[in-house]
Each structure stands twice: as structure tokens, then as C-alpha cells.
$ cat protein_7.cif   # mmCIF, C-alpha atoms
data_target
#
loop_
_atom_site.label_atom_id
_atom_site.label_comp_id
_atom_site.auth_asym_id
_atom_site.auth_seq_id
_atom_site.Cartn_x
_atom_site.Cartn_y
_atom_site.Cartn_z
CA MET A 1 0.00 0.00 0.00
CA VAL A 2 1.28 3.46 -0.89
CA VAL A 3 1.23 5.90 2.03
CA GLU A 4 0.20 9.43 1.05
CA THR A 5 3.05 11.85 1.73
CA SER A 6 3.92 15.42 0.80
CA LYS A 7 6.59 14.23 -1.65
CA ASN A 8 4.05 11.96 -3.34
CA ARG A 9 1.64 14.88 -3.68
CA GLU A 10 4.34 17.18 -5.07
CA ALA A 11 5.46 14.51 -7.56
CA GLU A 12 1.86 13.96 -8.67
CA LYS A 13 1.55 17.71 -9.35
CA ILE A 14 4.53 17.49 -11.70
CA VAL A 15 2.96 14.46 -13.40
CA GLU A 16 -0.30 16.38 -13.86
CA LYS A 17 1.61 19.26 -15.47
CA ILE A 18 3.32 16.85 -17.92
CA LEU A 19 0.04 15.16 -18.85
CA ALA A 20 -1.68 18.56 -19.23
CA SER A 21 0.97 19.38 -21.84
CA GLU A 22 -0.04 16.17 -23.68
CA ARG A 23 3.37 14.60 -23.11
CA LYS A 24 4.52 11.24 -21.78
CA VAL A 25 8.20 12.25 -21.49
CA ALA A 26 9.19 14.60 -18.68
CA LEU A 27 11.54 17.47 -19.48
CA PRO A 28 14.92 17.40 -17.69
CA ASP A 29 13.91 19.91 -15.01
CA GLU A 30 10.72 17.95 -14.28
CA SER A 31 12.61 14.66 -13.99
CA LEU A 32 15.28 16.20 -11.75
CA ALA A 33 12.61 17.80 -9.56
CA MET A 34 10.81 14.48 -9.07
CA VAL A 35 13.89 12.45 -8.17
CA LYS A 36 15.04 15.25 -5.85
CA LEU A 37 11.70 15.05 -4.03
CA PHE A 38 12.49 11.40 -3.30
CA GLY A 39 15.89 12.13 -1.81
CA VAL A 40 18.25 11.88 -4.80
CA ASP A 41 21.01 14.50 -4.87
CA VAL A 42 21.12 16.62 -8.04
CA PRO A 43 23.30 19.61 -9.08
CA ASP A 44 21.80 23.13 -9.09
CA TYR A 45 19.89 23.72 -12.33
CA ALA A 46 17.28 25.85 -14.10
CA LEU A 47 15.29 25.45 -17.32
CA VAL A 48 15.37 28.63 -19.41
CA LYS A 49 13.61 29.80 -22.56
CA THR A 50 15.83 32.71 -23.63
CA ALA A 51 19.54 33.51 -23.79
CA GLU A 52 18.95 36.39 -21.37
CA GLU A 53 17.43 34.00 -18.83
CA ALA A 54 20.35 31.63 -19.31
CA VAL A 55 22.87 34.36 -18.53
CA ALA A 56 20.92 35.51 -15.47
CA VAL A 57 20.61 32.04 -13.89
CA SER A 58 24.21 31.16 -14.76
CA LYS A 59 25.39 33.90 -12.42
CA GLU A 60 23.20 32.52 -9.64
CA ILE A 61 24.29 28.89 -10.10
CA GLY A 62 27.97 29.66 -10.64
CA PHE A 63 30.56 28.41 -13.15
CA PRO A 64 31.54 26.06 -14.67
CA LEU A 65 28.24 25.05 -16.21
CA VAL A 66 26.71 22.52 -18.56
CA LEU A 67 24.06 23.51 -21.11
CA LYS A 68 21.65 20.81 -22.33
CA ILE A 69 18.85 20.97 -24.84
CA ALA A 70 15.45 20.05 -23.39
CA SER A 71 13.18 18.22 -25.83
CA LYS A 72 10.88 15.24 -25.40
CA ASP A 73 11.89 14.14 -28.91
CA VAL A 74 15.63 13.80 -28.18
CA PRO A 75 16.47 11.09 -25.61
CA HIS A 76 20.22 11.20 -26.35
CA LYS A 77 21.08 14.90 -26.31
CA SER A 78 24.82 14.54 -26.86
CA ASP A 79 24.25 12.62 -30.12
CA ILE A 80 22.85 15.74 -31.80
CA GLY A 81 25.22 18.29 -30.28
CA GLY A 82 22.70 19.21 -27.62
CA VAL A 83 25.14 19.27 -24.70
CA VAL A 84 27.97 21.73 -24.04
CA ILE A 85 30.29 21.34 -21.03
CA ASN A 86 32.92 23.60 -19.45
CA VAL A 87 30.94 26.80 -19.93
CA GLU A 88 33.01 29.33 -17.98
CA ASN A 89 31.40 32.77 -18.34
CA ALA A 90 28.29 34.70 -19.39
CA GLN A 91 29.51 35.22 -22.97
CA GLU A 92 29.97 31.46 -23.40
CA VAL A 93 26.51 30.87 -21.92
CA GLU A 94 24.88 33.11 -24.51
CA ARG A 95 26.87 31.67 -27.41
CA ASN A 96 26.27 28.05 -26.44
CA TYR A 97 22.58 28.63 -25.70
CA HIS A 98 22.11 29.45 -29.39
CA LYS A 99 24.49 26.66 -30.42
CA VAL A 100 22.51 23.81 -28.82
CA LEU A 101 19.25 25.18 -30.22
CA ASP A 102 20.74 25.50 -33.71
CA ASN A 103 22.08 21.93 -33.53
CA LEU A 104 18.66 20.61 -32.56
CA LYS A 105 16.90 22.49 -35.36
CA ARG A 106 19.46 21.26 -37.88
CA VAL A 107 19.49 17.57 -36.89
CA VAL A 108 15.89 17.12 -35.68
CA PRO A 109 13.98 20.01 -37.26
CA GLU A 110 10.57 18.64 -36.23
CA ALA A 111 11.51 18.29 -32.54
CA GLN A 112 9.57 20.22 -29.92
CA ILE A 113 11.80 22.53 -27.89
CA GLY A 114 11.16 22.69 -24.16
CA GLY A 115 14.03 25.06 -23.45
CA VAL A 116 17.64 24.74 -22.37
CA LEU A 117 18.77 23.30 -19.04
CA VAL A 118 21.52 25.29 -17.33
CA GLN A 119 23.22 23.04 -14.77
CA LYS A 120 26.16 23.26 -12.40
CA GLN A 121 29.04 21.15 -13.76
CA LEU A 122 30.47 18.62 -11.31
CA PRO A 123 34.00 17.19 -11.22
CA GLU A 124 34.46 13.97 -13.23
CA ALA A 125 33.47 10.80 -11.38
CA THR A 126 32.66 7.12 -11.75
CA HIS A 127 29.49 6.79 -13.84
CA LEU A 128 26.67 4.61 -12.50
CA ILE A 129 23.07 4.00 -13.50
CA VAL A 130 20.01 3.51 -11.29
CA GLY A 131 16.70 2.89 -12.99
CA GLY A 132 13.14 1.90 -12.27
CA VAL A 133 10.57 0.38 -14.58
CA TYR A 134 6.95 -0.71 -14.31
CA ASP A 135 6.55 -4.13 -15.90
CA GLU A 136 3.04 -5.30 -16.85
CA GLN A 137 3.77 -8.80 -15.55
CA PHE A 138 5.98 -8.21 -12.49
CA GLY A 139 5.04 -4.67 -11.47
CA PRO A 140 7.70 -2.13 -10.41
CA ALA A 141 11.36 -3.14 -10.57
CA VAL A 142 14.66 -1.36 -9.95
CA MET A 143 18.08 -1.63 -11.64
CA PHE A 144 21.67 -0.76 -10.72
CA GLY A 145 24.94 -0.92 -12.67
CA LEU A 146 27.78 0.88 -14.39
CA GLY A 147 26.46 3.95 -16.18
CA GLY A 148 27.32 6.27 -19.02
CA VAL A 149 28.57 4.56 -22.17
CA PHE A 150 29.35 1.41 -20.16
CA VAL A 151 25.69 0.40 -19.84
CA GLU A 152 25.34 -0.79 -23.42
CA LEU A 153 28.98 -1.89 -23.69
CA PHE A 154 29.25 -4.13 -20.63
CA LYS A 155 25.58 -4.63 -19.62
CA ASP A 156 26.85 -5.01 -16.05
CA VAL A 157 23.58 -4.49 -14.17
CA SER A 158 21.45 -6.11 -11.46
CA PHE A 159 17.67 -6.08 -10.93
CA ARG A 160 15.14 -6.50 -8.09
CA ILE A 161 11.38 -6.28 -7.76
CA ALA A 162 10.50 -3.01 -6.03
CA PRO A 163 10.21 -1.84 -3.33
CA VAL A 164 13.62 -2.91 -2.04
CA ALA A 165 15.00 -2.78 1.49
CA GLU A 166 18.53 -1.69 2.38
CA THR A 167 19.81 -5.29 2.39
CA GLU A 168 18.47 -5.94 -1.12
CA ALA A 169 19.86 -2.66 -2.47
CA LEU A 170 23.30 -3.49 -1.10
CA GLU A 171 23.09 -6.96 -2.67
CA MET A 172 22.38 -5.33 -6.04
CA ILE A 173 25.55 -3.25 -5.76
CA LYS A 174 27.68 -6.22 -4.79
CA GLU A 175 26.29 -8.38 -7.61
CA ILE A 176 27.74 -6.41 -10.51
CA LYS A 177 31.11 -7.48 -11.87
CA ALA A 178 32.49 -3.97 -11.38
CA TYR A 179 31.84 -3.98 -7.61
CA PRO A 180 35.59 -4.18 -6.78
CA VAL A 181 36.06 -0.88 -8.66
CA LEU A 182 33.44 0.71 -6.38
CA SER A 183 34.73 -0.77 -3.14
CA GLY A 184 38.39 0.23 -3.43
CA TYR A 185 40.15 -2.36 -5.58
CA ARG A 186 43.97 -2.51 -5.12
CA GLY A 187 44.27 0.78 -3.34
CA SER A 188 41.82 2.75 -5.47
CA LYS A 189 39.46 5.08 -3.61
CA LYS A 190 36.37 3.47 -2.11
CA LEU A 191 33.22 5.18 -3.34
CA ASP A 192 30.13 6.06 -1.29
CA ILE A 193 28.40 2.65 -1.18
CA GLU A 194 25.99 3.87 1.51
CA GLN A 195 24.72 6.69 -0.68
CA MET A 196 24.43 4.35 -3.69
CA THR A 197 22.26 2.10 -1.53
CA LYS A 198 20.04 5.02 -0.52
CA THR A 199 19.69 6.13 -4.14
CA ILE A 200 18.49 2.66 -5.20
CA ILE A 201 15.96 2.70 -2.35
CA ASN A 202 14.81 6.22 -3.31
CA ILE A 203 14.21 5.26 -6.95
CA SER A 204 12.52 2.05 -5.82
CA GLU A 205 10.18 4.18 -3.71
CA LEU A 206 9.50 6.59 -6.60
CA ILE A 207 8.59 3.87 -9.12
CA THR A 208 6.43 2.14 -6.48
CA ASN A 209 4.61 5.18 -5.11
CA ILE A 210 3.92 7.17 -8.29
CA SER A 211 1.75 4.74 -10.26
CA THR A 212 1.74 6.87 -13.44
CA ILE A 213 5.49 6.42 -13.99
CA LYS A 214 6.53 3.79 -16.53
CA GLU A 215 10.30 4.36 -16.47
CA VAL A 216 12.81 6.40 -14.49
CA GLU A 217 16.53 6.49 -15.19
CA LEU A 218 19.47 8.23 -13.54
CA ASN A 219 22.31 8.03 -16.04
CA PRO A 220 24.93 9.05 -15.41
CA LEU A 221 24.88 8.99 -11.65
CA PHE A 222 28.21 10.48 -10.49
CA ALA A 223 29.79 8.50 -7.63
CA TYR A 224 32.45 10.03 -5.40
CA GLU A 225 34.09 9.01 -2.12
CA LYS A 226 31.52 10.88 -0.03
CA SER A 227 28.56 11.57 -2.29
CA VAL A 228 26.46 10.31 -5.20
CA THR A 229 24.74 12.81 -7.52
CA ALA A 230 22.40 12.38 -10.50
CA VAL A 231 23.51 14.71 -13.29
CA ASP A 232 20.85 13.37 -15.68
CA ALA A 233 17.37 12.06 -14.96
CA ARG A 234 14.77 10.78 -17.40
CA ILE A 235 11.15 9.90 -16.60
CA ILE A 236 8.56 8.42 -18.95
CA LEU A 237 4.91 8.13 -17.97
CA LYS A 238 2.56 5.26 -18.78
#
$ encode --input "protein_7.cif" --output "C-alpha cells"
Amino acid sequence: MVVETSKNREAEKIVEKILASERKVALPDESLAMVKLFGVDVPDYALVKTAEEAVAVSKEIGFPLVLKIASKDVPHKSDIGGVVINVENAQEVERNYHKVLDNLKRVVPEAQIGGVLVQKQLPEATHLIVGGVYDEQFGPAVMFGLGGVFVELFKDVSFRIAPVAETEALEMIKEIKAYPVLSGYRGSKKLDIEQMTKTIINISELITNISTIKEVELNPLFAYEKSVTAVDARIILK
């Protein structure tokens, strides 16, 4: 049974906004807002609709920044030149705001434009993935593994039926072949396993509690020694 909570109500409001716009795919700011409600750490961000807005929020968030195109029609933004990293000042913000929009219009001219996401850039880290999916046969399930480009390359992931407890989430982490890399193999730095565990539980709770969600994916999830942060989130509704 799903217990009604304030975070559930706030997430449902975001879902209602998406459905009112006749979409099934959440925009990046909507996805980040929902996962943040459920306890996932995310970098500071803002969705903007003009270059002037982009410059204004960039000064509030602070440099360096990442600019990302926001469109329900483009699941892989970097493939179409829709992501720019290492943006260091207001002039670069304005130039790259127009650049990502121009790239989208050139490569996918029919795509709907939701805006541009301005996001604080984090230091490089180990890339992980945490996902949730609603399966018609088994119900909600959660996934963990290596993220970024390694997902399709190595397919090193583990699954559980949701919701999961702390013990199950930790088992998922230890199951993947790359676990030694996460736990400090041969003197390498041990990453924040505790926060990874909490993130799996948080996504498990999201996919279980918000019945309108079909898929949720954090990829990449940046893992450090003392933190885990989702720099990208994607949510698809049923």
C-alpha cells in the first residue's frame, strides 16, 4: 500500500503538469525535480527559454556550467550536439545557448523545444546508473549498474522487484562485476556505497509510489568518495 506523503503529492503535481501538456516524457527539469523530491542528490539547475534568462541564472548557479537541450523528442542529447560542457562565463553561456538550439533544429527540425537546461558542472566521477521500470507482468522493478557509455557496452547491471530494502539494495551493488572498482580495488578510492544504496531505495520508492510512472533512469549517476549525484534524470509516464 502506498502511504500518502507530501513528496508523493508534489510529484503527482509534476505528473499532472506533464500530462496537461499532452506529453509522456518529462523534461529534464521535471525529472530532476521528481527524483530530488524522493531524496536523490542533483546539481543546481534551471530550465530557461531565452539567452537572457540563461545568462541571469548562470550567475546565480555559478561556473563552470553545462548547457543541455530540453526536448521530449531527443532522448540522447549529446548525439545531436545538444550538450555543451565547461561553460566558464556569461559570454559562453549566450553563445552556447544558441548553439545547442541551432544543432537541434538542424538535426531534428521537427523536434519540440522545451528550453535549455543550465546546470552546475560537477567534477568527473565514476558513472553509475540507477533505474526503475513498471513491468506489466511483475510490477515495479529497480536496476543498478555501471552507467554512461558502459551500460550498453558491458551490460553489467542487477535487478530487483520493487520496493527494495537496504539489504536488497546493497546486494544489487555487490552483484555487478564492477563492484571491486566501487569498493576500493587494489588501493583505489572506495566510493560512497551507503549513498548508492540510498539512491536505489529512493528510486525504488518513486517507481512504487507514483503509479503513473513507466520508467525512471538516472544516467549518469556520479559517484564520489563521499557523495552520489544524479547529473541526468529521465522519466517516462505510462
$ resolve_selection --input "protein_7.cif" --expression "the PyMOL selection byres ((chain A and resi 236) around 8)" --output "list in words"
Lys24, Val25, Ala26, Ile213, Lys214, Glu215, Val216, Arg234, Ile235, Leu237 and Lys238 of chain A
$ closest_atom_pairs --input "protein_7.cif" --of "stretch 171-230 of chain A" --to "stretch 136-144 of chain A" --cutoff "10 Å" --atoms "all atoms listed in the file" --output "CSV"
residue,atom,partner,partner_atom,distance
A:Met172,CA,A:Phe144,CA,6.6
A:Ile173,CA,A:Phe144,CA,6.8
A:Glu175,CA,A:Phe144,CA,9.4
A:Ile176,CA,A:Phe144,CA,8.3
A:Met196,CA,A:Phe144,CA,9.1
A:Thr197,CA,A:Phe144,CA,9.6
A:Thr199,CA,A:Phe144,CA,9.7
A:Ile200,CA,A:Phe144,CA,7.2
A:Ile201,CA,A:Val142,CA,8.7
A:Ile203,CA,A:Val142,CA,7.3
A:Ser204,CA,A:Val142,CA,5.8
A:Glu205,CA,A:Val142,CA,9.5
A:Leu206,CA,A:Pro140,CA,9.7
A:Ile207,CA,A:Pro140,CA,6.2
A:Thr208,CA,A:Pro140,CA,5.9
A:Asn209,CA,A:Pro140,CA,9.5
A:Ser211,CA,A:Pro140,CA,9.1
A:Ile213,CA,A:Pro140,CA,9.5
A:Lys214,CA,A:Pro140,CA,8.6
A:Glu215,CA,A:Pro140,CA,9.3
A:Val216,CA,A:Val142,CA,9.2
A:Glu217,CA,A:Met143,CA,9.0
A:Leu218,CA,A:Phe144,CA,9.7
$ write_last_selection --input "protein_7.cif" --atoms "C-alpha atoms" --output "tab-separated table (two decimals), in the frame of the given file"
chain	number	residue	atom	x	y	z
A	172	MET	CA	22.38	-5.33	-6.04
A	173	ILE	CA	25.55	-3.25	-5.76
A	175	GLU	CA	26.29	-8.38	-7.61
A	176	ILE	CA	27.74	-6.41	-10.51
A	196	MET	CA	24.43	4.35	-3.69
A	197	THR	CA	22.26	2.10	-1.53
A	199	THR	CA	19.69	6.13	-4.14
A	200	ILE	CA	18.49	2.66	-5.20
A	201	ILE	CA	15.96	2.70	-2.35
A	203	ILE	CA	14.21	5.26	-6.95
A	204	SER	CA	12.52	2.05	-5.82
A	205	GLU	CA	10.18	4.18	-3.71
A	206	LEU	CA	9.50	6.59	-6.60
A	207	ILE	CA	8.59	3.87	-9.12
A	208	THR	CA	6.43	2.14	-6.48
A	209	ASN	CA	4.61	5.18	-5.11
A	211	SER	CA	1.75	4.74	-10.26
A	213	ILE	CA	5.49	6.42	-13.99
A	214	LYS	CA	6.53	3.79	-16.53
A	215	GLU	CA	10.30	4.36	-16.47
A	216	VAL	CA	12.81	6.40	-14.49
A	217	GLU	CA	16.53	6.49	-15.19
A	218	LEU	CA	19.47	8.23	-13.54
$ resolve_selection --input "protein_7.cif" --expression "the PyMOL selection byres ((chain A and resi 182) around 9)" --output "PyMOL selection string"
chain A and resi 126+173+178-181+183-185+188-193+223
$ resolve_selection --input "protein_7.cif" --expression "the PyMOL selection byres ((chain A and resi 74) around 12)" --output "PyMOL selection string"
chain A and resi 25-28+68-73+75-83+103-105+107-114+234
$ closest_residue --input "protein_7.cif" --among "A:Ile161, A:Leu128, A:Ala230, A:Ala90" --to "A:Val40" --atoms "all atoms listed in the file"
A:Ala230
$ residues_around --input "protein_7.cif" --residues "stretch 7-13 of chain A" --least-positions-apart "5" --cutoff "8 Å" --atoms "all atoms listed in the file" --output "list in words"
Met34, Leu37, Phe38, Asn209 and Ile210 of chain A
$ residues_around --input "protein_7.cif" --residues "A:Val57" --least-positions-apart "4" --cutoff "9 Å" --atoms "all atoms listed in the file" --output "number ranges by chain"
A: 45-46, 48, 52-53, 61-62, 118
$ write_last_selection --input "protein_7.cif" --atoms "C-alpha atoms" --output "PDB file, in the coordinates of the input"
ATOM      1  CA  TYR A  45      19.890  23.720 -12.330  1.00  0.00           C
ATOM      2  CA  ALA A  46      17.280  25.850 -14.100  1.00  0.00           C
ATOM      3  CA  VAL A  48      15.370  28.630 -19.410  1.00  0.00           C
ATOM      4  CA  GLU A  52      18.950  36.390 -21.370  1.00  0.00           C
ATOM      5  CA  GLU A  53      17.430  34.000 -18.830  1.00  0.00           C
ATOM      6  CA  ILE A  61      24.290  28.890 -10.100  1.00  0.00           C
ATOM      7  CA  GLY A  62      27.970  29.660 -10.640  1.00  0.00           C
ATOM      8  CA  VAL A 118      21.520  25.290 -17.330  1.00  0.00           C
TER       9      VAL A 118
END
$ closest_residue --input "protein_7.cif" --among "A:Leu19, A:Leu65, A:Val157, A:Val100" --to "A:Pro123" --atoms "all atoms listed in the file"
A:Leu65
$ atom_distance --input "protein_7.cif" --atom1 "atom CA of A:Val87" --atom2 "atom CA of A:Asn219"
21.0 Å
$ axis_aligned_box --input "protein_7.cif" --around "stretch 171-186 of chain A" --padding-each-side "4 Å" --output "JSON"
{"center_x": 33.2, "center_y": -3.8, "center_z": -7.3, "size_x": 29.6, "size_y": 17.1, "size_z": 17.2}
$ atom_distance --input "protein_7.cif" --atom1 "atom CA of A:Phe222" --atom2 "atom CA of A:Ala125"
5.3 Å
$ closest_residue --input "protein_7.cif" --among "A:Leu122, A:Ile85, A:Val66, A:Ile14" --to "A:Leu32" --atoms "all atoms listed in the file"
A:Ile14
$ residues_around --input "protein_7.cif" --residues "A:Glu88" --least-positions-apart "2" --cutoff "8 Å" --atoms "all atoms listed in the file" --output "number ranges by chain"
A: 63-65, 86, 90, 92-93
